[in-house]
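Okay, so here's the structure we're looking at.
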Amino acid sequence: MTAGNKKILVAYFSRAGEQYAVGNVNVGNTAIIAKLIADKTGGDLFEIRVKNDNYPNTYDALTRYAQAEKQAHARPELIGQPDNIYKYDVVFLGYPNWWGDMPMPVHTFMESFDLSNKEVHHFCTHEGSGGVLDGFAIYGHIAQNNKSESDKKLTQWLAELGY
Ligand SMILES: Cc1cc2nc3c(=O)[nH]c(=O)nc-3n(C[C@H](O)[C@H](O)[C@H](O)COP(=O)(O)O)c2cc1C
């Protein structure tokens, strides 16, 4: 769908299961924000998923797994890709802060396409380290538990971008 006549993609990586500060969740923090952005902009949602998903469902184990993946500069293989990514003018790209970085599957995603002619906006959830320069960052527990606060912050950011 479109805002004006721009075609918008909202691509995100997020984990359900046990997450810091929110306990066990059915929908990950970043997924909640991604859906809000898609609703507000009329964009198409795409979840970045890895092919061999061995990510643990418990928080401590997940942090260790992700740290090893980062140290190895892993580029996990992904499942599928957005239907014809080249038709989109705008990409909102969302992920949790993992060890001060994007999760490695998000690196795989970014390296899979030439996004240089697109308007790309990053958004991230975190639990204290903050997020991206020139992007949108929000605490994961606020994304998970405080819809009106997330909505207010997002509406403001999207308005600044013209959406
Ligand atoms: C592997 C891992 C590493 C993390 N590293 C950080 C970090 O360096 N800084 C931070 O503020 N939060 C960190 N967090 C917290 C997440 O960024 C936060 O809980 C986020 O909202 C999770 O998003 P999700 O539910 O979409 O996966 C980490 C969480 C995990 C699982």
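If you're wondering about the labels, chains in the structure tokens are A, B, ... by order shown, residues count from 1 in each chain, ligands from 1 in order shown.
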Can you write out as CSV which residues of range 62-149 of chain A fall within 8 Å of range 20-25 of chain A, alongside each residue's closest atom pair and its distance in Å to one decimal, counting only C-alpha atoms and ordering rows by chain and ascending residue number?
```
residue,atom,partner,partner_atom,distance
A:Glu127,CA,A:Tyr20,CA,7.5
A:Gly140,CA,A:Ala21,CA,7.9
A:His141,CA,A:Val22,CA,5.7
A:Gln144,CA,A:Val22,CA,7.3
```
Mind the document's chain letters and residue numbers, and return as a short mmCIF file (atom, residue, chain, number, x, y, z; two decimals) with N, CA and C atoms, in the first residue's frame the residues of range 21-147 of chain A that DSSP labels helix (DSSP H, G or I).
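Saved as part_6.cif:
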```
data_model
loop_
_atom_site.label_atom_id
_atom_site.label_comp_id
_atom_site.auth_asym_id
_atom_site.auth_seq_id
_atom_site.Cartn_x
_atom_site.Cartn_y
_atom_site.Cartn_z
N ASN A 29 8.76 -7.67 21.09
CA ASN A 29 8.61 -6.23 21.26
C ASN A 29 8.70 -5.49 19.92
N THR A 30 9.70 -5.85 19.14
CA THR A 30 9.90 -5.16 17.86
C THR A 30 8.76 -5.47 16.89
N ALA A 31 8.22 -6.70 16.99
CA ALA A 31 7.09 -7.07 16.13
C ALA A 31 5.89 -6.17 16.40
N ILE A 32 5.69 -5.81 17.66
CA ILE A 32 4.56 -4.94 18.01
C ILE A 32 4.72 -3.57 17.34
N ILE A 33 5.94 -3.05 17.43
CA ILE A 33 6.19 -1.72 16.83
C ILE A 33 6.07 -1.82 15.30
N ALA A 34 6.59 -2.90 14.74
CA ALA A 34 6.52 -3.06 13.27
C ALA A 34 5.07 -3.05 12.80
N LYS A 35 4.22 -3.75 13.54
CA LYS A 35 2.80 -3.80 13.13
C LYS A 35 2.16 -2.42 13.24
N LEU A 36 2.52 -1.69 14.28
CA LEU A 36 1.98 -0.32 14.42
C LEU A 36 2.41 0.55 13.23
N ILE A 37 3.68 0.44 12.86
CA ILE A 37 4.17 1.25 11.73
C ILE A 37 3.43 0.86 10.44
N ALA A 38 3.25 -0.44 10.25
CA ALA A 38 2.53 -0.89 9.04
C ALA A 38 1.10 -0.36 9.04
N ASP A 39 0.45 -0.41 10.21
CA ASP A 39 -0.93 0.11 10.30
C ASP A 39 -0.97 1.60 9.97
N LYS A 40 0.00 2.33 10.51
CA LYS A 40 -0.04 3.79 10.37
C LYS A 40 0.36 4.26 8.98
N THR A 41 1.23 3.49 8.31
CA THR A 41 1.73 3.96 7.01
C THR A 41 1.07 3.23 5.85
N TYR A 59 16.01 -16.34 27.94
CA TYR A 59 16.77 -15.11 27.71
C TYR A 59 18.29 -15.32 27.84
N ASP A 60 18.73 -15.94 28.95
CA ASP A 60 20.17 -16.08 29.15
C ASP A 60 20.83 -16.89 28.04
N ALA A 61 20.18 -17.98 27.69
CA ALA A 61 20.73 -18.82 26.63
C ALA A 61 20.75 -18.06 25.30
N LEU A 62 19.72 -17.28 25.08
CA LEU A 62 19.66 -16.51 23.83
C LEU A 62 20.79 -15.47 23.77
N THR A 63 21.07 -14.84 24.91
CA THR A 63 22.15 -13.84 24.89
C THR A 63 23.49 -14.50 24.56
N ARG A 64 23.72 -15.69 25.13
CA ARG A 64 24.99 -16.38 24.85
C ARG A 64 25.06 -16.79 23.37
N TYR A 65 23.97 -17.32 22.87
CA TYR A 65 23.92 -17.77 21.47
C TYR A 65 24.18 -16.58 20.53
N ALA A 66 23.51 -15.47 20.84
CA ALA A 66 23.64 -14.29 19.97
C ALA A 66 25.05 -13.70 20.04
N GLN A 67 25.65 -13.79 21.23
CA GLN A 67 27.01 -13.26 21.37
C GLN A 67 27.99 -14.08 20.50
N ALA A 68 27.82 -15.39 20.55
CA ALA A 68 28.69 -16.26 19.73
C ALA A 68 28.48 -15.97 18.24
N GLU A 69 27.23 -15.76 17.87
CA GLU A 69 26.92 -15.49 16.46
C GLU A 69 27.56 -14.17 16.02
N LYS A 70 27.52 -13.20 16.90
CA LYS A 70 28.12 -11.90 16.58
C LYS A 70 29.64 -12.03 16.47
N GLN A 71 30.24 -12.75 17.44
CA GLN A 71 31.70 -12.89 17.41
C GLN A 71 32.16 -13.63 16.15
N ILE A 85 11.19 -6.90 -3.74
CA ILE A 85 11.60 -5.77 -2.88
C ILE A 85 11.85 -4.51 -3.70
N TYR A 86 12.17 -4.70 -4.98
CA TYR A 86 12.53 -3.52 -5.79
C TYR A 86 11.35 -2.63 -6.11
N LYS A 87 10.14 -3.10 -5.84
CA LYS A 87 8.99 -2.23 -6.10
C LYS A 87 8.78 -1.21 -4.99
N MET A 104 22.44 -10.69 13.79
CA MET A 104 23.14 -11.08 12.56
C MET A 104 22.19 -11.35 11.38
N PRO A 105 20.98 -11.91 11.61
CA PRO A 105 20.08 -12.10 10.45
C PRO A 105 19.68 -10.79 9.78
N VAL A 106 19.71 -9.70 10.53
CA VAL A 106 19.37 -8.40 9.93
C VAL A 106 20.53 -7.94 9.04
N HIS A 107 21.76 -8.29 9.44
CA HIS A 107 22.89 -8.03 8.55
C HIS A 107 22.73 -8.83 7.25
N THR A 108 22.34 -10.10 7.39
CA THR A 108 22.12 -10.91 6.17
C THR A 108 21.11 -10.22 5.27
N PHE A 109 20.01 -9.77 5.89
CA PHE A 109 18.95 -9.13 5.11
C PHE A 109 19.48 -7.91 4.38
N MET A 110 20.19 -7.04 5.12
CA MET A 110 20.67 -5.79 4.51
C MET A 110 21.65 -6.04 3.38
N GLU A 111 22.44 -7.11 3.53
CA GLU A 111 23.45 -7.40 2.51
C GLU A 111 22.87 -8.14 1.30
N SER A 112 21.60 -8.53 1.41
CA SER A 112 20.99 -9.31 0.33
C SER A 112 20.44 -8.44 -0.79
N GLY A 140 11.93 -1.97 24.95
CA GLY A 140 11.13 -3.13 24.61
C GLY A 140 9.94 -3.29 25.53
N HIS A 141 10.11 -3.02 26.82
CA HIS A 141 8.98 -3.24 27.74
C HIS A 141 7.88 -2.21 27.52
N ILE A 142 8.24 -1.06 26.99
CA ILE A 142 7.19 -0.07 26.65
C ILE A 142 6.45 -0.53 25.39
N ALA A 143 7.22 -1.01 24.42
CA ALA A 143 6.58 -1.56 23.22
C ALA A 143 5.61 -2.68 23.59
N GLN A 144 6.03 -3.51 24.54
CA GLN A 144 5.23 -4.68 24.91
C GLN A 144 4.02 -4.30 25.77
N ASN A 145 4.20 -3.35 26.69
CA ASN A 145 3.19 -3.15 27.74
C ASN A 145 2.48 -1.80 27.74
N LYS A 147 0.88 0.50 25.08
CA LYS A 147 0.52 0.78 23.68
C LYS A 147 0.34 2.28 23.44
#
```
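If you measure from each of A:Gln156, A:Ser148, A:Asn26, A:Asn52 to ligand 1 using only C-alpha atoms and all ligand atoms, the closest one turns out to be A:Asn26.
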(message) Using only C-alpha atoms, can you tell me which of A:Thr125, A:Ser150, A:Asn117, A:Thr155 comes closest to Phe13 in chain A?
(response) A:Thr125
If we count only C-alpha atoms, what is near Tyr163 in chain A at a cut-off of 12 Å, once residues fewer than 3 positions away on the same chain are taken out, given as a JSON list (two decimals) with N, CA and C atoms, in the first residue's frame?
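Done, and the output landed in part.json:
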```json
[["chain", "number", "residue", "atom", "x", "y", "z"],
["A", 2, "THR", "N", 0.29, 2.38, 0.09],
["A", 2, "THR", "CA", 1.05, 3.59, -0.18],
["A", 2, "THR", "C", 0.76, 4.71, 0.81],
["A", 3, "ALA", "N", 1.71, 5.62, 0.95],
["A", 3, "ALA", "CA", 1.46, 6.90, 1.62],
["A", 3, "ALA", "C", 1.80, 7.92, 0.56],
["A", 4, "GLY", "N", 0.87, 8.76, 0.16],
["A", 4, "GLY", "CA", 1.05, 9.49, -1.09],
["A", 4, "GLY", "C", 1.05, 8.41, -2.15],
["A", 5, "ASN", "N", 2.09, 8.38, -3.01],
["A", 5, "ASN", "CA", 2.15, 7.23, -3.90],
["A", 5, "ASN", "C", 3.40, 6.40, -3.68],
["A", 6, "LYS", "N", 3.96, 6.50, -2.47],
["A", 6, "LYS", "CA", 5.14, 5.68, -2.17],
["A", 6, "LYS", "C", 4.73, 4.28, -1.73],
["A", 7, "LYS", "N", 5.49, 3.30, -2.19],
["A", 7, "LYS", "CA", 5.23, 1.92, -1.71],
["A", 7, "LYS", "C", 6.16, 1.64, -0.53],
["A", 8, "ILE", "N", 5.57, 1.15, 0.54],
["A", 8, "ILE", "CA", 6.29, 1.04, 1.80],
["A", 8, "ILE", "C", 6.38, -0.41, 2.26],
["A", 37, "ILE", "N", 3.68, 0.44, 12.86],
["A", 37, "ILE", "CA", 4.17, 1.25, 11.73],
["A", 37, "ILE", "C", 3.43, 0.86, 10.44],
["A", 38, "ALA", "N", 3.25, -0.44, 10.25],
["A", 38, "ALA", "CA", 2.53, -0.89, 9.04],
["A", 38, "ALA", "C", 1.10, -0.36, 9.04],
["A", 39, "ASP", "N", 0.45, -0.41, 10.21],
["A", 39, "ASP", "CA", -0.93, 0.11, 10.30],
["A", 39, "ASP", "C", -0.97, 1.60, 9.97],
["A", 40, "LYS", "N", 0.00, 2.33, 10.51],
["A", 40, "LYS", "CA", -0.04, 3.79, 10.37],
["A", 40, "LYS", "C", 0.36, 4.26, 8.98],
["A", 41, "THR", "N", 1.23, 3.49, 8.31],
["A", 41, "THR", "CA", 1.73, 3.96, 7.01],
["A", 41, "THR", "C", 1.07, 3.23, 5.85],
["A", 42, "GLY", "N", 0.33, 2.16, 6.14],
["A", 42, "GLY", "CA", -0.21, 1.34, 5.05],
["A", 42, "GLY", "C", 0.85, 0.48, 4.40],
["A", 43, "GLY", "N", 1.98, 0.27, 5.07],
["A", 43, "GLY", "CA", 3.06, -0.53, 4.50],
["A", 43, "GLY", "C", 2.79, -2.03, 4.59],
["A", 90, "VAL", "N", 10.19, 2.86, 0.01],
["A", 90, "VAL", "CA", 10.56, 3.14, 1.39],
["A", 90, "VAL", "C", 10.65, 1.82, 2.15],
["A", 92, "PHE", "N", 11.10, 0.53, 6.09],
["A", 92, "PHE", "CA", 11.30, 0.65, 7.53],
["A", 92, "PHE", "C", 11.90, -0.67, 7.99],
["A", 121, "HIS", "N", 14.49, 3.72, 6.80],
["A", 121, "HIS", "CA", 14.38, 4.23, 8.18],
["A", 121, "HIS", "C", 14.52, 3.07, 9.15],
["A", 154, "LEU", "N", 5.55, 6.92, 18.24],
["A", 154, "LEU", "CA", 5.61, 6.55, 16.82],
["A", 154, "LEU", "C", 4.93, 7.58, 15.94],
["A", 155, "THR", "N", 3.77, 8.04, 16.38],
["A", 155, "THR", "CA", 3.04, 9.02, 15.59],
["A", 155, "THR", "C", 3.89, 10.26, 15.37],
["A", 156, "GLN", "N", 4.60, 10.65, 16.44],
["A", 156, "GLN", "CA", 5.47, 11.84, 16.35],
["A", 156, "GLN", "C", 6.61, 11.61, 15.35],
["A", 157, "TRP", "N", 7.25, 10.45, 15.46],
["A", 157, "TRP", "CA", 8.38, 10.15, 14.56],
["A", 157, "TRP", "C", 7.91, 10.09, 13.10],
["A", 158, "LEU", "N", 6.80, 9.38, 12.89],
["A", 158, "LEU", "CA", 6.30, 9.24, 11.51],
["A", 158, "LEU", "C", 5.88, 10.59, 10.94],
["A", 159, "ALA", "N", 5.34, 11.44, 11.79],
["A", 159, "ALA", "CA", 4.93, 12.78, 11.32],
["A", 159, "ALA", "C", 6.17, 13.57, 10.90],
["A", 160, "GLU", "N", 7.26, 13.45, 11.69],
["A", 160, "GLU", "CA", 8.50, 14.15, 11.32],
["A", 160, "GLU", "C", 9.00, 13.67, 9.96]]
```
(message) Considering only strand (DSSP E or B) as DSSP defines it on the backbone, what residues of range 78-142 of chain A qualify? List them as an MDAnalysis selection string.
(response) chainID A and resid 78 90:96 98 101 119:126 136:139
(request) Point out the residue among A:Pro103, A:Ser116, A:Asp44, A:Glu149 with the least atom-to-atom distance to Pro82 in chain A, counting only C-alpha atoms. (result) A:Asp44
